[in-house]
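See below for the structure under consideration.
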Amino acid sequence: MTEQAKAVSAAAPKIETTAPDSKVSDVASVRVGAKGAGINPNQVLQRVILPRDEDPLDVRPLYLDEPANVHSHVVSRRSVTVPASAKVSFASYFNAFPASYWKRWTTVEEVVLRLSVRGAGRVDVYRSKPSGDHIHLEGHAVRSPKAWTNLELRVSLKPFEDGGWIWFDVFTDDTPLEIKEAAWTTDTPLPEQKVAIGMTTMRPVDAVIALRALGEDPAVLDVVQKVFVADQGAVKVKDTQGYAEARKLLGDKLEIIEQENLGGSGGFTRGLYEAIEHTDVAQIMLMDDDIRLEPDAVLRSNAFARACAQPVIVGSHMLNLQARARLHSFGEVVDLATCNWRAAPGALTDHDFSTDSLRETEELHLRINSTYNGWWMCLFPREVVQRTGYPLPLFIKWDDAEYSLRALERGFPTVSLPGSAVWHMPWTDKNDATDWQAYFHTRNRLVMAALHSPYDIRSTLLKQGLKLTLRHLLSMEYSTVAVQQRAIEDFLAGPSKLFDSLRTALPEIQQMRKQYSDAQILTSAREFPPPTYDMVRAEQMLKPPVNPAVIAAKASKALLHNLRDPEGSTTERPQINVPATNARWFLLGNLDSATVSNADGSGVAFRKRDPKEFRQLMARSARNYRRLAQEWPRMKKVYRDALPELTSVESWRKIFEN
């Protein structure tokens, strides 16, 4: 036996040990057996999983925490071999157990790590505190070079009210150690509940990829009773390459429903509607089409909902589709004083696990409280839908946040569950706050605020609105201001036309934007003559003003500039080419024209200063925001009185059956 092996053996606990008697017993016992693990799938809370063959290498830090000089051999989704003389940790996003969320929301009081091992080394279990400090709990030396040994390590959830994870590390001797079928489980009886999945799509290629991922895992298929796809695109899912394979995998579980484009709210509501009206499932999961799915997210959300002490909405996190090891959204809330969404207090955003592991990042160990979760993936117990009603007919934007706020008012919170996640394009790489979607952002935010904000937000709406309008106008984003003002006017017209707008709003807004050059996307700035503006001066103007007096001075200067006539040559030849990251008012407000790249770099818009349009839109904005502040109390009552009809099954049935 090597010196390392002797040291490991000497430190190993006895089999069937019990943790010392204390106020909080972290570990109940360690059990070892040579027979089959015999794990009941209904008692699995979270499987230990590895990357799929098709996954890029940059996802690996989400599954394994390995030193730079160690590379474990991933045999399959459930099996890995740790090389000799190495240490590998499973304190990773997908494989550490988020104990504090299970302690706070579920009836599970003890979690059992079950795994099969073969080789020589050691398995040690650790936990963290809300502060991020680590505590070694228990472990076992492995001496089975040929036969598989089954381990059970039990951990109490008592000390996890405010935060903390549980994980295990593997240390090897001079031979490798194999691990398979590891899972965090419970002995607590849990009800069996099936899931119906509702997906809405305008992107059939992405939808087919997601459907195939759902159908490839037998364990996922066992809990999924039905998959409803609301196909709203011009190119149909059934006509897309790969659909036949998806159909074969899912069989009669898959139902494609072709309908006109009713937006995300119309597509997702169709999924809820079909599941409630035509199945008896206990859970309904909504998911986007343009995601890359980690199939175990379905199992984890399902298990968490089954174990909850009361019905909760179970949300999944968003990972960055373009940088796969980055966690984009950990938990979100709606600030009802400003009526904007934001990261939940204490939640990290855009965290890169390839540079900072879970164990190294203190902020990830505190339990986060969310008030809503985006519908890139979100699960609803049947009771929540039946008692909350259906989503509002908002087409897109704010339907997910409004629904969670409405459910919370009825006693159903939203939990964003760590370890359950999908990859999705981050919203920071979209132009959706300035393109046609600006209409829905503005109108639907006002609807949400009227329904749910307990504060008098009239002065906030007035100040925020006029400030935002001026910023867009100084940036020569006239189309954005025009659709925002249309949104305010439509909100003030009341809720009676919300259902009609599912069909009419988008084409009307798209037609409106055709009048503005800043809404026209061209291939590249090469379509114009080269710019002549002084680049050094432009660089100097890019420094963001911070001091309020400096901000006021720069804004006043830009305002005066925008009221004067532009130089004639700038209407055909842009003064400068501006990348999306530099498209700020304190630069653009001093120019007469510019090409500005869109967020994903696929094209440019030619923005041209127009003093007449500037004055007209500024005057229209002032009138609308003044009217909004004056009529706000009345509009709150109007929308709240209309809520039961707007969210009723009868109203939505008329939409789907027409």
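Letters for chains follow the order of the structure tokens (A, B, ...), residue numbers begin at 1 for each chain, and ligand numbers begin at 1 in the order shown.
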**Prompt:** Which polymer residues have any atom within 12 Å of an atom of Leu319 (chain A), counting only C-alpha atoms, with same-chain residues fewer than 5 positions away left out, as a PyMOL selection string?
**Reply:** chain A and resi 59+62+93-94+291-294+324-331+349-353+376-377+418-427
**Asked** Got a sec: who's within 6 Å of region 512-523 of chain A, counting only C-alpha atoms, leaving out chain neighbours fewer than 4 positions off, as a ChimeraX atom specification?
**Response** /A:479,603-607
Can you list, as a PDB file with N, CA and C atoms, in the first residue's frame, every protein, DNA or RNA residue that comes within 10 Å of Gly374 (chain A) when you count only C-alpha atoms, leaving out same-chain residues fewer than 5 positions away?
```
ATOM      1  N   LEU A 286     -43.617  25.098 -18.618  1.00  0.00           N
ATOM      2  CA  LEU A 286     -43.478  25.908 -19.820  1.00  0.00           C
ATOM      3  C   LEU A 286     -42.002  26.045 -20.153  1.00  0.00           C
ATOM      4  N   MET A 287     -41.671  25.996 -21.446  1.00  0.00           N
ATOM      5  CA  MET A 287     -40.286  26.215 -21.847  1.00  0.00           C
ATOM      6  C   MET A 287     -40.221  26.870 -23.218  1.00  0.00           C
ATOM      7  N   ASP A 288     -39.188  27.695 -23.385  1.00  0.00           N
ATOM      8  CA  ASP A 288     -38.934  28.337 -24.664  1.00  0.00           C
ATOM      9  C   ASP A 288     -38.487  27.309 -25.692  1.00  0.00           C
ATOM     10  N   GLY A 315     -39.028  27.649 -10.777  1.00  0.00           N
ATOM     11  CA  GLY A 315     -38.341  28.226 -11.927  1.00  0.00           C
ATOM     12  C   GLY A 315     -36.956  27.646 -12.101  1.00  0.00           C
ATOM     13  N   SER A 316     -36.477  27.647 -13.330  1.00  0.00           N
ATOM     14  CA  SER A 316     -35.123  27.201 -13.654  1.00  0.00           C
ATOM     15  C   SER A 316     -34.256  28.400 -13.995  1.00  0.00           C
ATOM     16  N   HIS A 317     -32.970  28.270 -13.734  1.00  0.00           N
ATOM     17  CA  HIS A 317     -32.032  29.342 -14.024  1.00  0.00           C
ATOM     18  C   HIS A 317     -31.733  29.428 -15.514  1.00  0.00           C
ATOM     19  N   MET A 318     -31.173  30.568 -15.930  1.00  0.00           N
ATOM     20  CA  MET A 318     -30.720  30.741 -17.303  1.00  0.00           C
ATOM     21  C   MET A 318     -29.195  30.728 -17.354  1.00  0.00           C
ATOM     22  N   SER A 329     -28.663  34.221 -15.102  1.00  0.00           N
ATOM     23  CA  SER A 329     -29.708  34.649 -14.164  1.00  0.00           C
ATOM     24  C   SER A 329     -29.858  33.625 -13.054  1.00  0.00           C
ATOM     25  N   GLY A 331     -31.614  34.483 -10.035  1.00  0.00           N
ATOM     26  CA  GLY A 331     -32.884  34.746  -9.368  1.00  0.00           C
ATOM     27  C   GLY A 331     -33.263  36.194  -9.586  1.00  0.00           C
ATOM     28  N   GLU A 332     -34.564  36.451  -9.802  1.00  0.00           N
ATOM     29  CA  GLU A 332     -35.005  37.798 -10.131  1.00  0.00           C
ATOM     30  C   GLU A 332     -36.218  38.206  -9.308  1.00  0.00           C
ATOM     31  N   LYS A 397     -43.530  39.861 -23.145  1.00  0.00           N
ATOM     32  CA  LYS A 397     -42.978  40.754 -22.121  1.00  0.00           C
ATOM     33  C   LYS A 397     -43.928  40.943 -20.938  1.00  0.00           C
ATOM     34  N   TRP A 398     -43.416  40.696 -19.774  1.00  0.00           N
ATOM     35  CA  TRP A 398     -44.056  40.922 -18.491  1.00  0.00           C
ATOM     36  C   TRP A 398     -45.159  39.914 -18.157  1.00  0.00           C
ATOM     37  N   ASP A 399     -45.511  39.022 -19.094  1.00  0.00           N
ATOM     38  CA  ASP A 399     -46.541  38.038 -18.758  1.00  0.00           C
ATOM     39  C   ASP A 399     -46.056  37.086 -17.679  1.00  0.00           C
ATOM     40  N   ASP A 400     -44.772  36.712 -17.720  1.00  0.00           N
ATOM     41  CA  ASP A 400     -44.240  35.800 -16.701  1.00  0.00           C
ATOM     42  C   ASP A 400     -44.165  36.473 -15.337  1.00  0.00           C
ATOM     43  N   ALA A 401     -43.659  37.714 -15.298  1.00  0.00           N
ATOM     44  CA  ALA A 401     -43.549  38.419 -14.017  1.00  0.00           C
ATOM     45  C   ALA A 401     -44.922  38.692 -13.422  1.00  0.00           C
ATOM     46  N   SER A 404     -46.461  35.474 -11.831  1.00  0.00           N
ATOM     47  CA  SER A 404     -45.905  35.085 -10.532  1.00  0.00           C
ATOM     48  C   SER A 404     -46.354  36.032  -9.429  1.00  0.00           C
ATOM     49  N   SER A 416     -36.729  29.985  -7.605  1.00  0.00           N
ATOM     50  CA  SER A 416     -35.767  29.734  -8.683  1.00  0.00           C
ATOM     51  C   SER A 416     -34.765  28.719  -8.154  1.00  0.00           C
TER      52      SER A 416
END
```
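You can rank A:Asp65, A:Glu216, A:Asp490, A:Glu255 by their closest distance to Val170 (chain A) using only C-alpha atoms, and at the top of that list sits A:Asp65.
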**Item:** Per-residue DSSP, region 416-456 of chain A, filtered to strand (DSSP E), as a ChimeraX atom specification
**Value:** /A:416-424
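Of the residues under consideration (A:Val229, A:Leu394, A:Val155, A:Ala344), A:Leu394 shows the shortest atom-to-atom contact distance to Lys497 (chain A) when counting only C-alpha atoms.
Between CA of Pro393 (chain A) and CA of Ser265 (chain A) there is a distance of 6.0 Å.
Compared by their closest atoms to Gly132 (chain A), and using only C-alpha atoms, the residues A:Pro176, A:Pro61, A:Pro531, A:Gly164 rank with A:Gly164 nearest.
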Can you list, as an mmCIF file with all heavy atoms, in the first residue's frame, every protein, DNA or RNA residue that comes within 9 Å of region 360-363 of chain A when you count only C-alpha atoms, leaving out same-chain residues fewer than 2 positions away?
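Dumped to selection_19.cif:
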```cif
data_model
loop_
_atom_site.group_PDB
_atom_site.id
_atom_site.type_symbol
_atom_site.label_atom_id
_atom_site.label_comp_id
_atom_site.auth_asym_id
_atom_site.auth_seq_id
_atom_site.Cartn_x
_atom_site.Cartn_y
_atom_site.Cartn_z
ATOM 1 N N PRO A 130 -24.105 29.598 4.847
ATOM 2 C CA PRO A 130 -24.527 30.734 4.020
ATOM 3 C C PRO A 130 -23.386 31.693 3.696
ATOM 4 O O PRO A 130 -23.413 32.368 2.669
ATOM 5 C CB PRO A 130 -25.594 31.416 4.880
ATOM 6 C CG PRO A 130 -26.115 30.339 5.767
ATOM 7 C CD PRO A 130 -24.955 29.436 6.046
ATOM 8 N N SER A 131 -22.370 31.728 4.552
ATOM 9 C CA SER A 131 -21.209 32.594 4.333
ATOM 10 C C SER A 131 -20.283 32.061 3.258
ATOM 11 O O SER A 131 -19.400 32.779 2.782
ATOM 12 C CB SER A 131 -20.422 32.749 5.635
ATOM 13 O OG SER A 131 -19.903 31.485 6.042
ATOM 14 N N GLY A 132 -20.461 30.784 2.882
ATOM 15 C CA GLY A 132 -19.558 30.156 1.933
ATOM 16 C C GLY A 132 -18.474 29.324 2.590
ATOM 17 O O GLY A 132 -17.707 28.636 1.899
ATOM 18 N N ASP A 133 -18.364 29.368 3.923
ATOM 19 C CA ASP A 133 -17.392 28.520 4.624
ATOM 20 C C ASP A 133 -17.749 27.049 4.437
ATOM 21 O O ASP A 133 -18.928 26.688 4.355
ATOM 22 C CB ASP A 133 -17.372 28.858 6.117
ATOM 23 C CG ASP A 133 -16.783 30.234 6.397
ATOM 24 O OD1 ASP A 133 -16.108 30.772 5.502
ATOM 25 O OD2 ASP A 133 -17.013 30.763 7.502
ATOM 26 N N GLY A 346 -28.921 39.924 -3.429
ATOM 27 C CA GLY A 346 -27.896 38.925 -3.163
ATOM 28 C C GLY A 346 -27.575 38.010 -4.325
ATOM 29 O O GLY A 346 -26.611 37.236 -4.251
ATOM 30 N N ALA A 347 -28.335 38.078 -5.407
ATOM 31 C CA ALA A 347 -28.137 37.161 -6.529
ATOM 32 C C ALA A 347 -27.019 37.646 -7.443
ATOM 33 O O ALA A 347 -26.938 38.823 -7.775
ATOM 34 C CB ALA A 347 -29.429 37.001 -7.327
ATOM 35 N N LEU A 348 -26.172 36.712 -7.856
ATOM 36 C CA LEU A 348 -25.137 37.026 -8.830
ATOM 37 C C LEU A 348 -25.722 37.006 -10.235
ATOM 38 O O LEU A 348 -26.668 36.273 -10.522
ATOM 39 C CB LEU A 348 -23.994 36.008 -8.754
ATOM 40 C CG LEU A 348 -23.085 36.064 -7.529
ATOM 41 C CD1 LEU A 348 -21.969 35.051 -7.681
ATOM 42 C CD2 LEU A 348 -22.505 37.445 -7.341
ATOM 43 N N ASP A 356 -14.409 30.921 -11.620
ATOM 44 C CA ASP A 356 -14.695 30.939 -10.180
ATOM 45 C C ASP A 356 -15.673 29.814 -9.866
ATOM 46 O O ASP A 356 -16.851 29.889 -10.223
ATOM 47 C CB ASP A 356 -15.289 32.283 -9.758
ATOM 48 C CG ASP A 356 -14.316 33.428 -9.964
ATOM 49 O OD1 ASP A 356 -13.296 33.460 -9.261
ATOM 50 O OD2 ASP A 356 -14.575 34.270 -10.839
ATOM 51 N N SER A 357 -15.188 28.791 -9.203
ATOM 52 C CA SER A 357 -16.008 27.612 -8.923
ATOM 53 C C SER A 357 -17.050 27.918 -7.861
ATOM 54 O O SER A 357 -16.996 28.956 -7.184
ATOM 55 C CB SER A 357 -15.133 26.448 -8.461
ATOM 56 O OG SER A 357 -14.585 26.728 -7.172
ATOM 57 N N LEU A 358 -17.969 26.996 -7.702
ATOM 58 C CA LEU A 358 -19.009 27.144 -6.687
ATOM 59 C C LEU A 358 -18.402 27.289 -5.304
ATOM 60 O O LEU A 358 -18.795 28.175 -4.528
ATOM 61 C CB LEU A 358 -19.946 25.931 -6.738
ATOM 62 C CG LEU A 358 -21.015 25.852 -5.653
ATOM 63 C CD1 LEU A 358 -22.006 26.985 -5.792
ATOM 64 C CD2 LEU A 358 -21.739 24.507 -5.702
ATOM 65 N N HIS A 365 -23.671 30.857 -1.997
ATOM 66 C CA HIS A 365 -24.072 29.950 -0.922
ATOM 67 C C HIS A 365 -25.230 30.500 -0.086
ATOM 68 O O HIS A 365 -25.824 29.758 0.707
ATOM 69 C CB HIS A 365 -22.865 29.627 -0.039
ATOM 70 C CG HIS A 365 -21.794 28.888 -0.782
ATOM 71 N ND1 HIS A 365 -21.633 27.526 -0.707
ATOM 72 C CD2 HIS A 365 -20.856 29.325 -1.657
ATOM 73 C CE1 HIS A 365 -20.631 27.155 -1.490
ATOM 74 N NE2 HIS A 365 -20.147 28.227 -2.076
ATOM 75 N N LEU A 366 -25.561 31.757 -0.237
ATOM 76 C CA LEU A 366 -26.709 32.333 0.458
ATOM 77 C C LEU A 366 -27.977 32.006 -0.326
ATOM 78 O O LEU A 366 -28.012 32.135 -1.548
ATOM 79 C CB LEU A 366 -26.540 33.849 0.563
ATOM 80 C CG LEU A 366 -27.621 34.611 1.328
ATOM 81 C CD1 LEU A 366 -27.535 34.290 2.816
ATOM 82 C CD2 LEU A 366 -27.456 36.118 1.097
#
```
**Message:** Just want the 9 Å neighbourhood of Leu250 (chain A), counted on only C-alpha atoms, with same-chain residues fewer than 3 positions away dropped. Output as an NGL selection string.
**Reply:** :A and (211-212 or 214-216 or 221 or 226-227 or 245-247 or 253-254)
Next, write the just-selected residues to a file, as a JSON list (two decimals), in the first residue's frame, keeping N, CA and C atoms as the atom set.
```
[["chain", "number", "residue", "atom", "x", "y", "z"],
["A", 211, "LEU", "N", -37.02, 19.16, -28.44],
["A", 211, "LEU", "CA", -37.88, 17.98, -28.38],
["A", 211, "LEU", "C", -37.06, 16.70, -28.39],
["A", 212, "ARG", "N", -36.03, 16.67, -29.20],
["A", 212, "ARG", "CA", -35.17, 15.48, -29.23],
["A", 212, "ARG", "C", -34.46, 15.27, -27.91],
["A", 214, "LEU", "N", -35.57, 16.10, -25.00],
["A", 214, "LEU", "CA", -36.57, 15.57, -24.07],
["A", 214, "LEU", "C", -36.75, 14.08, -24.24],
["A", 215, "GLY", "N", -36.74, 13.63, -25.50],
["A", 215, "GLY", "CA", -37.06, 12.23, -25.77],
["A", 215, "GLY", "C", -35.92, 11.26, -25.63],
["A", 216, "GLU", "N", -34.69, 11.77, -25.45],
["A", 216, "GLU", "CA", -33.53, 10.88, -25.45],
["A", 216, "GLU", "C", -33.26, 10.25, -24.09],
["A", 221, "LEU", "N", -38.66, 10.77, -19.93],
["A", 221, "LEU", "CA", -39.89, 10.28, -20.56],
["A", 221, "LEU", "C", -40.84, 9.66, -19.54],
["A", 226, "LYS", "N", -47.16, 14.44, -21.46],
["A", 226, "LYS", "CA", -47.59, 15.06, -22.71],
["A", 226, "LYS", "C", -46.69, 16.24, -23.01],
["A", 227, "VAL", "N", -46.43, 16.48, -24.30],
["A", 227, "VAL", "CA", -45.68, 17.65, -24.75],
["A", 227, "VAL", "C", -46.54, 18.38, -25.78],
["A", 245, "GLU", "N", -37.44, 12.18, -36.13],
["A", 245, "GLU", "CA", -36.73, 11.53, -35.02],
["A", 245, "GLU", "C", -37.35, 11.93, -33.69],
["A", 246, "ALA", "N", -37.68, 13.23, -33.55],
["A", 246, "ALA", "CA", -38.32, 13.70, -32.32],
["A", 246, "ALA", "C", -39.66, 13.01, -32.12],
["A", 247, "ARG", "N", -40.42, 12.88, -33.18],
["A", 247, "ARG", "CA", -41.71, 12.20, -33.11],
["A", 247, "ARG", "C", -41.53, 10.74, -32.70],
["A", 253, "LYS", "N", -46.86, 11.02, -26.97],
["A", 253, "LYS", "CA", -46.76, 12.09, -25.96],
["A", 253, "LYS", "C", -46.71, 13.47, -26.62],
["A", 254, "LEU", "N", -46.28, 13.53, -27.88],
["A", 254, "LEU", "CA", -46.10, 14.79, -28.57],
["A", 254, "LEU", "C", -47.35, 15.20, -29.33]]
```
